[in-house]
Amino acid sequence: DIPIIGITGSNGKTIIKEWLYQILSPELSVIRSPKSYNSQIGVPLSVWQLDETHQLGIFEAGISRPNEMQKLEEIIRPKIGIFANIGEAHGKNFKNIKEKIEEKLKLFNNVDTLIYCLDHKEIKESVDKSNINTFTWSRKNKDADVQVYSIEKSEDETIISAVFNNSQILNLSDSQIQKITIPFTDDASIENAIHCWLTALKLNISEKIIEKKMRHLSPIAMRMELKSGINNCEIINDSYNSDFNALTIALDFMNQQQHNKKRVLILSDILQS
């Protein structure tokens with residue numbers, strides 16, 4: 001009977017889930033998927049943790065072939081959905097990206113609200129054909145509920161400014177202009193943070209709490225961890241998962257760091273490619 005958030009997408013599921021946990025706890029008693037437990041086995045193991053003490057659940061769902069997501073939807077039964085993005089991860093068993101999107105969308109068959117970015121055109125095309133109620137954001141599409149009009153990056157933080165068109169739902173101030181600051185500068189973290197921002201607002205979390213929590217978001221272990229090494233070197237540990245999208249994001253993160261050092265890439269096999 002408690003609100004359940006379901007998250008899917010090619011990348012960012014675990015980070016969005018963990019950042020939402022950081023934003024919503026300890027004010028709410030939140031249960032979430034351990035690590036990246038999002039498979040046909042991982043999802044039921046995650047949901048089995050639920051008990052009467054919890055006020056909110058956050059579960060991620062991943063698929064690798066057709067006809068998997070319907071089973072996960074029946075287990076998670078989310079009321080709020082987040083479709084993070086779409087990419088090549090786990091794509092070898094699908095005819096094309098459209099088929100993969102439509103399979104992922106099955107997670108949201110019974111949600112009250114789906115949160116996603118209109119800038120992902122393939123996702124938008126599939127969602128437009130459905131009857132799913134949405135709460136959207138965009139950097140350029142004026143049809144979105146939330147217009148992100150400014151992203152200001154400095155050395156170690158980013159200020160994101162947005163205009164909220166749907167003030168009646170969000171009970172925002174007359175100016176309808178809001179800002180958050182996050183301690184990250186890479187594009188993937190910015191996108192993940194905006195998804196968390198909209199979700200927190202949808203849950204009626206106060207703007208002050210959101211702003212405070214966003215400033216202190218912490219990185220996820222083995223997901224673009226920046227560590228100091230010996231001989232004045234820095235190590236980016238992104239061994240959490242391995243696919244071409246994740247590699248692209250990690251390289252972008254590396255390019256955000258100092259440019260006067262020699263750069264080395266240590267790359268393992270990329271499965272399913």
# chains A, B, ... in the order shown; residues from 1 in each chain; ligands from 1

call {"tool": "residues_around", "arguments": {"residues": "Leu50 in chain A", "least_positions_apart": "4", "cutoff": "9 Å", "atoms": "only C-alpha atoms", "output": "list in words"}}
result
Ile31, Arg32, Ser46, His54 and Gly57 of chain A

call {"tool": "residues_around", "arguments": {"residues": "Leu107 in chain A", "least_positions_apart": "3", "cutoff": "9 Å", "atoms": "only C-alpha atoms", "output": "compact mmCIF listing (two decimals) with all heavy atoms, in the first residue's frame"}}
result
# COMPACT_ATOMS: atom_id res chain seq x y z
N GLY A 6 9.43 2.90 -9.68
CA GLY A 6 10.10 1.95 -10.56
C GLY A 6 10.98 2.69 -11.54
O GLY A 6 10.56 3.67 -12.15
N ILE A 7 12.23 2.22 -11.70
CA ILE A 7 13.20 2.91 -12.56
C ILE A 7 13.73 1.94 -13.60
O ILE A 7 14.13 0.81 -13.29
CB ILE A 7 14.39 3.44 -11.74
CG1 ILE A 7 13.92 4.29 -10.56
CG2 ILE A 7 15.35 4.24 -12.62
CD1 ILE A 7 15.03 4.64 -9.58
N THR A 8 13.76 2.38 -14.86
CA THR A 8 14.43 1.61 -15.90
C THR A 8 15.15 2.57 -16.83
O THR A 8 15.01 3.79 -16.74
CB THR A 8 13.45 0.71 -16.67
OG1 THR A 8 14.18 -0.27 -17.40
CG2 THR A 8 12.58 1.51 -17.63
N ALA A 61 14.58 -1.86 -12.55
CA ALA A 61 14.25 -3.02 -13.37
C ALA A 61 15.07 -2.99 -14.65
O ALA A 61 15.07 -2.00 -15.38
CB ALA A 61 12.76 -3.03 -13.70
N MET A 69 9.91 -7.73 -19.02
CA MET A 69 9.50 -6.60 -18.19
C MET A 69 8.11 -6.78 -17.59
O MET A 69 7.85 -6.31 -16.47
CB MET A 69 9.55 -5.29 -18.98
CG MET A 69 9.37 -4.05 -18.13
SD MET A 69 10.66 -3.90 -16.84
CE MET A 69 11.88 -2.91 -17.72
N GLN A 70 7.22 -7.47 -18.29
CA GLN A 70 5.87 -7.66 -17.75
C GLN A 70 5.92 -8.39 -16.41
O GLN A 70 5.18 -8.07 -15.47
CB GLN A 70 5.01 -8.44 -18.74
CG GLN A 70 3.56 -8.60 -18.30
CD GLN A 70 2.85 -7.26 -18.14
OE1 GLN A 70 2.99 -6.38 -18.98
NE2 GLN A 70 2.11 -7.10 -17.06
N LYS A 71 6.81 -9.36 -16.30
CA LYS A 71 6.97 -10.10 -15.04
C LYS A 71 7.47 -9.17 -13.93
O LYS A 71 7.02 -9.25 -12.78
CB LYS A 71 7.93 -11.27 -15.23
CG LYS A 71 7.48 -12.28 -16.27
CD LYS A 71 8.58 -13.30 -16.54
CE LYS A 71 8.18 -14.24 -17.67
NZ LYS A 71 9.28 -15.17 -18.02
N LEU A 72 8.42 -8.30 -14.28
CA LEU A 72 8.96 -7.38 -13.27
C LEU A 72 7.92 -6.35 -12.85
O LEU A 72 7.87 -5.95 -11.68
CB LEU A 72 10.23 -6.69 -13.81
CG LEU A 72 11.39 -7.61 -14.21
CD1 LEU A 72 12.60 -6.78 -14.60
CD2 LEU A 72 11.74 -8.56 -13.07
N GLU A 73 7.08 -5.91 -13.79
CA GLU A 73 6.03 -4.94 -13.45
C GLU A 73 5.06 -5.53 -12.44
O GLU A 73 4.62 -4.85 -11.50
CB GLU A 73 5.28 -4.53 -14.73
CG GLU A 73 4.34 -3.33 -14.55
CD GLU A 73 2.99 -3.68 -13.95
OE1 GLU A 73 2.57 -4.86 -14.08
OE2 GLU A 73 2.36 -2.81 -13.33
N GLU A 74 4.73 -6.82 -12.60
CA GLU A 74 3.79 -7.45 -11.68
C GLU A 74 4.37 -7.61 -10.29
O GLU A 74 3.63 -7.68 -9.31
CB GLU A 74 3.38 -8.81 -12.26
CG GLU A 74 2.54 -8.70 -13.52
CD GLU A 74 2.35 -10.04 -14.22
OE1 GLU A 74 2.81 -11.06 -13.67
OE2 GLU A 74 1.75 -10.06 -15.31
N ILE A 76 6.98 -5.41 -9.02
CA ILE A 76 7.26 -4.07 -8.47
C ILE A 76 5.97 -3.27 -8.30
O ILE A 76 5.79 -2.57 -7.30
CB ILE A 76 8.25 -3.31 -9.38
CG1 ILE A 76 9.58 -4.05 -9.45
CG2 ILE A 76 8.46 -1.88 -8.88
CD1 ILE A 76 10.56 -3.47 -10.46
N ARG A 77 5.10 -3.30 -9.30
CA ARG A 77 3.85 -2.53 -9.32
C ARG A 77 4.07 -1.05 -8.97
O ARG A 77 3.50 -0.52 -8.01
CB ARG A 77 2.83 -3.16 -8.37
CG ARG A 77 2.34 -4.51 -8.85
CD ARG A 77 1.20 -5.04 -7.99
NE ARG A 77 1.66 -5.39 -6.64
CZ ARG A 77 0.83 -5.79 -5.67
NH1 ARG A 77 -0.46 -5.86 -5.88
NH2 ARG A 77 1.32 -6.10 -4.48
N PRO A 78 4.90 -0.36 -9.73
CA PRO A 78 5.22 1.03 -9.40
C PRO A 78 4.05 1.97 -9.63
O PRO A 78 3.22 1.75 -10.52
CB PRO A 78 6.37 1.37 -10.36
CG PRO A 78 6.13 0.48 -11.53
CD PRO A 78 5.56 -0.80 -10.96
N GLY A 81 6.95 6.20 -12.15
CA GLY A 81 7.97 5.60 -13.01
C GLY A 81 9.01 6.62 -13.44
O GLY A 81 8.71 7.80 -13.60
N GLU A 103 9.46 -2.57 -24.81
CA GLU A 103 9.54 -3.59 -23.76
C GLU A 103 9.76 -2.94 -22.40
O GLU A 103 9.12 -3.30 -21.41
CB GLU A 103 10.68 -4.57 -24.07
CG GLU A 103 10.90 -5.64 -23.02
CD GLU A 103 9.76 -6.64 -22.91
OE1 GLU A 103 9.00 -6.79 -23.89
OE2 GLU A 103 9.63 -7.25 -21.84
N LYS A 104 10.64 -1.94 -22.33
CA LYS A 104 10.91 -1.25 -21.06
C LYS A 104 9.67 -0.50 -20.57
O LYS A 104 9.42 -0.41 -19.37
CB LYS A 104 12.10 -0.30 -21.22
CG LYS A 104 13.45 -0.99 -21.31
CD LYS A 104 14.58 0.01 -21.48
CE LYS A 104 15.94 -0.66 -21.54
NZ LYS A 104 16.37 -1.23 -20.25
N ASN A 110 0.85 0.66 -15.33
CA ASN A 110 -0.15 1.03 -14.32
C ASN A 110 0.32 2.16 -13.41
O ASN A 110 -0.22 2.32 -12.31
CB ASN A 110 -0.51 -0.20 -13.48
CG ASN A 110 -1.14 -1.30 -14.32
OD1 ASN A 110 -2.19 -1.12 -14.90
ND2 ASN A 110 -0.46 -2.44 -14.40
N VAL A 111 1.30 2.94 -13.85
CA VAL A 111 1.78 4.04 -13.00
C VAL A 111 0.81 5.21 -13.02
O VAL A 111 0.04 5.39 -13.97
CB VAL A 111 3.19 4.53 -13.43
CG1 VAL A 111 4.23 3.44 -13.27
CG2 VAL A 111 3.18 5.07 -14.86

call {"tool": "residues_around", "arguments": {"residues": "Lys17 in chain A", "least_positions_apart": "2", "cutoff": "9 Å", "atoms": "only C-alpha atoms", "output": "short mmCIF file (atom, residue, chain, number, x, y, z; two decimals) with C-alpha atoms, in the first residue's frame"}}
result
data_model
loop_
_atom_site.label_atom_id
_atom_site.label_comp_id
_atom_site.auth_asym_id
_atom_site.auth_seq_id
_atom_site.Cartn_x
_atom_site.Cartn_y
_atom_site.Cartn_z
CA ILE A 5 9.01 4.09 -7.59
CA ILE A 7 13.20 2.91 -12.56
CA GLY A 12 21.72 5.70 -14.57
CA LYS A 13 19.20 3.40 -12.85
CA THR A 14 21.36 2.68 -9.83
CA ILE A 15 22.61 6.25 -9.42
CA TRP A 19 20.47 9.57 -4.99
CA LEU A 20 16.73 9.42 -4.37
CA TYR A 21 17.50 7.42 -1.24
CA GLN A 22 19.95 10.12 -0.14
CA ARG A 32 15.50 0.18 -2.19
CA SER A 33 17.09 -2.41 -4.45
CA ILE A 58 12.49 2.38 -4.91
CA PHE A 59 13.24 -0.52 -7.24
CA GLU A 60 15.12 -0.66 -10.52
CA CYS A 196 15.69 12.94 -8.96
#

call {"tool": "residues_around", "arguments": {"residues": "range 214-223 of chain A", "least_positions_apart": "3", "cutoff": "9 Å", "atoms": "only C-alpha atoms", "output": "ChimeraX atom specification"}}
result
/A:14-15,18-19,22-23,157,180-184,193,197,209-211,226,236-241,250

call {"tool": "residues_around", "arguments": {"residues": "Ile41 in chain A", "least_positions_apart": "2", "cutoff": "12 Å", "atoms": "only C-alpha atoms", "output": "PyMOL selection string"}}
result
chain A and resi 33+36-39+43-48+61-63+68+71-72+75

call {"tool": "residues_around", "arguments": {"residues": "Arg139 in chain A", "least_positions_apart": "6", "cutoff": "10 Å", "atoms": "only C-alpha atoms", "output": "list of chain:residue names"}}
result
A:Cys117, A:Leu118, A:Asp119, A:Val146, A:Gln147, A:Val148, A:Tyr149, A:Ser150, A:Ile151, A:Ala162

call {"tool": "write_last_selection", "arguments": {"atoms": "N, CA and C atoms", "output": "PDB file, in the first residue's frame"}}
result
ATOM      1  N   CYS A 117      12.700  12.486 -19.874  1.00  0.00           N
ATOM      2  CA  CYS A 117      13.173  13.667 -20.595  1.00  0.00           C
ATOM      3  C   CYS A 117      12.691  13.614 -22.035  1.00  0.00           C
ATOM      4  N   LEU A 118      12.010  14.659 -22.474  1.00  0.00           N
ATOM      5  CA  LEU A 118      11.492  14.709 -23.844  1.00  0.00           C
ATOM      6  C   LEU A 118      12.598  14.775 -24.890  1.00  0.00           C
ATOM      7  N   ASP A 119      13.818  15.082 -24.469  1.00  0.00           N
ATOM      8  CA  ASP A 119      14.924  15.179 -25.425  1.00  0.00           C
ATOM      9  C   ASP A 119      15.349  13.824 -25.972  1.00  0.00           C
ATOM     10  N   VAL A 146       8.632  20.840 -17.323  1.00  0.00           N
ATOM     11  CA  VAL A 146       9.752  21.549 -16.700  1.00  0.00           C
ATOM     12  C   VAL A 146      10.763  21.913 -17.779  1.00  0.00           C
ATOM     13  N   GLN A 147      11.033  23.213 -17.886  1.00  0.00           N
ATOM     14  CA  GLN A 147      12.011  23.699 -18.848  1.00  0.00           C
ATOM     15  C   GLN A 147      13.334  23.972 -18.137  1.00  0.00           C
ATOM     16  N   VAL A 148      14.356  23.211 -18.469  1.00  0.00           N
ATOM     17  CA  VAL A 148      15.696  23.467 -17.931  1.00  0.00           C
ATOM     18  C   VAL A 148      16.346  24.501 -18.841  1.00  0.00           C
ATOM     19  N   TYR A 149      16.484  25.727 -18.349  1.00  0.00           N
ATOM     20  CA  TYR A 149      16.943  26.799 -19.223  1.00  0.00           C
ATOM     21  C   TYR A 149      18.375  27.205 -18.968  1.00  0.00           C
ATOM     22  N   SER A 150      18.986  26.727 -17.885  1.00  0.00           N
ATOM     23  CA  SER A 150      20.358  27.139 -17.588  1.00  0.00           C
ATOM     24  C   SER A 150      21.083  26.035 -16.829  1.00  0.00           C
ATOM     25  N   ILE A 151      22.288  25.683 -17.326  1.00  0.00           N
ATOM     26  CA  ILE A 151      23.169  24.739 -16.643  1.00  0.00           C
ATOM     27  C   ILE A 151      24.544  25.395 -16.564  1.00  0.00           C
ATOM     28  N   ALA A 162      15.568  25.958 -13.625  1.00  0.00           N
ATOM     29  CA  ALA A 162      14.444  25.452 -14.406  1.00  0.00           C
ATOM     30  C   ALA A 162      13.199  26.295 -14.167  1.00  0.00           C
TER      31      ALA A 162
END

call {"tool": "closest_residue", "arguments": {"among": "A:Ser206, A:Asn96, A:Gln49, A:Thr199", "to": "Tyr116 in chain A", "atoms": "only C-alpha atoms"}}
result
A:Thr199

call {"tool": "closest_residue", "arguments": {"among": "A:Asp51, A:Glu125, A:Asp112, A:Glu152", "to": "Ile190 in chain A", "atoms": "only C-alpha atoms"}}
result
A:Glu152

call {"tool": "select_by_dssp", "arguments": {"residues": "range 23-88 of chain A", "states": "helix (DSSP H, G or I)", "output": "ChimeraX atom specification"}}
result
/A:23-24,42-47,69-76

call {"tool": "atom_distance", "arguments": {"atom1": "CA of Val163 in chain A", "atom2": "CA of Asn192 in chain A"}}
result
17.8 Å

call {"tool": "select_by_dssp", "arguments": {"residues": "range 13-61 of chain A", "states": "strand (DSSP E or B)", "output": "JSON, numbers by chain"}}
result
{"A": [30, 31, 32, 56, 57, 58, 59, 60]}
